[in-house]
Each structure stands twice: as structure tokens, then as C-alpha cells.
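Peer 1: Supplied in C-alpha cells, the structure appears directly below.
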Amino acid sequence: MTTELDTPYDGLPATATADFTRDGFVHLSGVLSPETIAQYEPTITSEVIRLNTQDLPLEERDTYGKAFLQVMNLWRENEKVKELVFSRRLAGIAARLLGVHAVRLYHDQALYKEPSGGITPWHADQYYWPLSSDRCVTIWLPLQETPLAMGPLAFARGSHNFAFGRDLPISDESEELLKKAVAEQNFEDVVEPFALGDASFHRGWTFHHAGPNHGTVPRRVMTVIYLDADVRVTEPTNEFQTADIANWMPGVQIGKVPQSPLNPVLYAGPA
């Protein structure tokens with residue numbers, strides 16, 4: 001049976017690829033219907049509760065620990081979640097934004113910012129990824145309406161072309177240095193609420209952050225990272241990249257396309 005997850009998204013303008021290349025991110029409306037999200041949110045939340053390993057009280061955690069609970073590769077744990085992660089609609093948007101023929105999965109990640117959870121420091125995801133190009137993109141899909149008070153993801157427009165700070169892991173230091181650099185470079189800090197069904201897509205080197213959750217319920221978000229299907233694995237430059245190869249691209253040799261069982265092609269368009 002064909003579902004919304006399998007049908008193309010018709011909300012992309014003709015300039016979408018060019019706009020995404022210029023800005024490094026896009027916020028899209030109506031990517032999924034509220035009804036579709038309602039089918040998957042309870043399962044994702046249940047799996048996050050089941051698999052979460054963070055047991056320290058919020059006040060005893062460091063800045064990163066206060067930012068969110070995170071659980072990786074839920075698609076391997078639950079067939080229902082796999083339906084969402086393997087969505088051709090979502091992967092097709094990623095391919096079009098990147099301007100590539102096909103995209104493969106890197107991994108998924110549930111990010112739950114608890115009530116009173118702290119900031120997500122400024123950072124760029126690709127610091128963690130041993131990849132040969134920047135043709136990679138993350139969807140940030142909130143599972144509830146996300147007003148400003150809940151800390152929606154925010155982006156520095158055009159910052160994916162800025163080389164400073166690419167050696168910084170997410171931390172108090174990255175927050176301090178990148179917040180200053182974004183202001184000095186006059187990058188617009190784009191902070192917007194998300195309606196239910198909205199989603200954002202951002203490039204690997206786009207600097208982004210999020211505010212604290214002042215709401216009374218968790219800010220529940222599902223993310224999926226898509227790679228240009230032809231990207232290759234490069235020599236790690238830090239310990240996190242070494243771990244990423246072992247965890248998300250097992251057995252893949254340096255210089256090779258990550259064609260492991262964990263990295264299937266999720267969308268391939270017309271040749």
C-alpha cells in the first residue's frame with residue numbers, strides 16, 4: 001500500500017537546489033501531514049524511553065548532556081520507525097536539495113530536549129563525519145508543534161561556506177567561539193517556530209544551534225542524515241570520525257563508497 005511516506009513532496013520551488021546551495025538550509029512546510037506524524041510519534045517516543053541510557057538528573061549533566069537525550073539508528077530496533085527513516089518522500093527531498101541523483105542513509109537520530117533542557121551549542125555536524133564531500137544533509141523533523149519557547153533548531157544563513165570553527169566539537173567552547181564568529185561575519189541567525197508537519201534540512205557544514213526548552217513537555221525530534229550515494233569515506237581526523245566509521249559504516253575501507261548493510265540507498269531518481 002502506497003502511503004504519504006512514498007509519494008513525492010510537491011512543496012519545493014523550482015529554485016530549491018540553488019536556494020539550498022546559497023543558504024545551507026531550508027525550512028519547509030507540510031513535509032508530512034499531522035496524521036502521518038501521529039502514526040509514528042508514539043512508537044519513536046516509546047523507543048527513546050526504552051533505549052535511552054542517560055540516567056543523571058538534568059542538573060548534574062554538562063552542557064551537552066542538558067541539550068537533549070539522543071538515541072541512534074532506531075530503524076534497526078523497530079520496523080515502524082524504519083518505515084519513516086526509509087521514506088522515499090523525505091529522501092527524495094534530500095536528493096533534490098543536494099542536486100544529486102541518489103542518496104543513501106548515514107544514520108538516524110532521535111533528539112529529545114526535556115522540559116528545562118538547556119541550549120544546543122553552536123556547531124557543525126560534519127566535524128563528526130569522515131566524508132569526501134559536503135554533499136550530505138540532515139532532516140530535522142519535529143514530532144509536535146515547536147514554538148520558539150521549546151527551542152527549535154536555528155541556522156546561520158550561508159555559514160556552510162565559512163571555514164572557521166570546523167575543528168570544534170559541540171561544546172561550551174563551540175558555543176562561545178561560533179556565537180561570536182557568526183555575529184562578526186553578519187550571518188543571519190534564523191530562528192523560526194515549526195508547525196506540526198514542518199521540517200528543516202541543513203548541510204553538514206551549516207552552523208546551527210537551539211535554545212532551551214521552556215515548555216512543559218519534551219521537544220521531540222526525529223532526524224535522518226542522507227549522503228550523496230557516491231560519497232566516499234576519508235581518513236578520520238578525530239576520534240569521533242573513527243567511531244563513526246565503526247558504528248555507522250562498519251567494514252567500509254578508506255576511499256570506498258559506504259555500501260555497508262547500514263547504508264542503503266533510500267532514493268534514486270531518473271538517470
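Residues are referred to by chain and number: the chain letter is A, B, ... according to the order shown in the C-alpha cells, the number counts from 1 in that chain, and ligands are numbered separately from 1 in the order shown.
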Can you pull out every residue from region 11-258 of chain A that DSSP, working from the backbone, puts in strand (DSSP E or B), and format the result as number ranges by chain?
Peer 2: A: 25-28, 69-72, 102-113, 120-123, 131, 136-142, 146, 153-156, 189-191, 194, 199-203, 208-210, 219-228, 233
Peer 1: Show me, as a ChimeraX atom specification, the residues that have an atom within 8 Å of region 212-216 of chain A when counting only C-alpha atoms, minus same-chain residues fewer than 4 positions from it.
Peer 2: /A:67,113-120,149-151
Peer 1: Write to file, as an mmCIF file, in the first residue's frame, the residues of the selection just made, with N, CA and C atoms.
Peer 2:
data_model
loop_
_atom_site.group_PDB
_atom_site.id
_atom_site.type_symbol
_atom_site.label_atom_id
_atom_site.label_comp_id
_atom_site.auth_asym_id
_atom_site.auth_seq_id
_atom_site.Cartn_x
_atom_site.Cartn_y
_atom_site.Cartn_z
ATOM 1 N N ALA A 67 21.462 19.280 26.719
ATOM 2 C CA ALA A 67 20.883 19.729 25.449
ATOM 3 C C ALA A 67 19.765 18.813 24.969
ATOM 4 N N LYS A 113 14.650 17.016 23.647
ATOM 5 C CA LYS A 113 15.071 18.040 24.608
ATOM 6 C C LYS A 113 14.019 18.093 25.716
ATOM 7 N N GLU A 114 14.410 17.694 26.906
ATOM 8 C CA GLU A 114 13.477 17.586 28.022
ATOM 9 C C GLU A 114 12.997 18.960 28.483
ATOM 10 N N PRO A 115 11.867 19.035 29.186
ATOM 11 C CA PRO A 115 11.466 20.300 29.808
ATOM 12 C C PRO A 115 12.594 20.815 30.704
ATOM 13 N N SER A 116 12.916 22.075 30.573
ATOM 14 C CA SER A 116 14.045 22.718 31.264
ATOM 15 C C SER A 116 15.393 22.285 30.699
ATOM 16 N N GLY A 117 15.383 21.524 29.603
ATOM 17 C CA GLY A 117 16.632 21.180 28.929
ATOM 18 C C GLY A 117 17.321 22.432 28.419
ATOM 19 N N GLY A 118 18.656 22.388 28.372
ATOM 20 C CA GLY A 118 19.431 23.582 28.054
ATOM 21 C C GLY A 118 19.614 23.820 26.572
ATOM 22 N N ILE A 119 20.504 24.749 26.272
ATOM 23 C CA ILE A 119 20.791 25.097 24.880
ATOM 24 C C ILE A 119 21.476 23.934 24.164
ATOM 25 N N THR A 120 21.335 23.918 22.847
ATOM 26 C CA THR A 120 22.190 23.112 21.987
ATOM 27 C C THR A 120 23.251 24.062 21.457
ATOM 28 N N ALA A 149 9.548 28.945 22.311
ATOM 29 C CA ALA A 149 9.836 28.626 23.714
ATOM 30 C C ALA A 149 10.371 27.213 23.897
ATOM 31 N N MET A 150 10.166 26.341 22.902
ATOM 32 C CA MET A 150 10.640 24.958 23.022
ATOM 33 C C MET A 150 12.027 24.751 22.429
ATOM 34 N N GLY A 151 12.610 25.807 21.852
ATOM 35 C CA GLY A 151 13.972 25.688 21.342
ATOM 36 C C GLY A 151 14.076 25.030 19.987
#
Peer 1: What is the distance between CA of Arg96 (chain A) and CA of Leu12 (chain A), in Å to one decimal?
Peer 2: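 Separation between CA of Arg96 (chain A) and CA of Leu12 (chain A): 8.9 Å.
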Peer 1: Quick one: of A:Val26, A:Val233, A:Leu5, A:Leu131, who's nearest to Leu90 (chain A), counting only C-alpha atoms?
Peer 2: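 Among the listed residues, A:Leu5 lies closest to Leu90 (chain A).
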Peer 1: Tell me which of A:Val257, A:Val217, A:Leu196, A:Ala268 sits closest to Glu35 (chain A), counting only C-alpha atoms.
Peer 2: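 Checking each of A:Val257, A:Val217, A:Leu196, A:Ala268 against Glu35 (chain A), counting only C-alpha atoms, the winner is A:Leu196.
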Peer 1: Fewer than 5 positions away in the same chain doesn't count, so skip those; otherwise give me all residues within 12 Å of Gln185 (chain A), counting only C-alpha atoms, as a list of chain:residue names.
Peer 2: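 Counting only the stated atoms, we get A:Ala156, A:Arg157, A:Gly158, A:Ser159, A:Asn161, A:Phe162, A:Ala163, A:Phe164, A:Leu178, A:Lys179, A:Lys180.
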Peer 1: Leaving out His209 (chain A) and any residue of its chain fewer than 5 positions from it, which residues lie within 7 Å of it when counting only C-alpha atoms, given as a PyMOL selection string?
Peer 2: chain A and resi 120-123+153-155
Peer 1: Nearest to Arg135 (chain A) among A:Thr45, A:Thr17, A:Thr2, A:Ser260, with distances taken over only C-alpha atoms: which residue is it?
Peer 2: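 Using only C-alpha atoms, Arg135 (chain A) sits closest to A:Thr17.
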Peer 1: Need to verify the contact set: Val231 (chain A), 10 Å, only C-alpha atoms, exclusion of same-chain residues closer than 5 positions in sequence. Can you return it as a list of chain:residue names?
Peer 2: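 Selected residues are A:Val103, A:Arg104, A:Leu131, A:Ser132, A:Ser133, A:Asp134, A:Arg135, A:Cys136, A:Gly255, A:Lys256, A:Val257, A:Pro258.
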Peer 1: Give the alpha helix (DSSP H) residues of region 8-215 of chain A, as DSSP finds them on the backbone, and put them as a PyMOL selection string.
Peer 2: chain A and resi 16-23+34-51+63-67+79-85+88-98+172-184
Peer 1: Identify which of the residues A:Phe240, A:Thr234, A:Trp129, A:Gln144 lies closest to Ala38 (chain A), counting only C-alpha atoms when measuring atom-to-atom distances.
Peer 2: A:Gln144
Peer 1: Which one of A:Ile245, A:Leu69, A:Leu262, A:Ala210 sits closest to Thr146 (chain A) if you count only C-alpha atoms?
Peer 2: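 Checking each of A:Ile245, A:Leu69, A:Leu262, A:Ala210 against Thr146 (chain A), counting only C-alpha atoms, the winner is A:Ala210.
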Peer 1: For Phe86 (chain A), which residue among A:Trp205, A:Pro42, A:Pro264, A:Ala124 is the nearest when counting only C-alpha atoms?
Peer 2: A:Pro264
Peer 1: Can you measure CA of Arg219 (chain A) to CA of Glu145 (chain A) for me? One decimal in Å is fine.
Peer 2: 8.8 Å
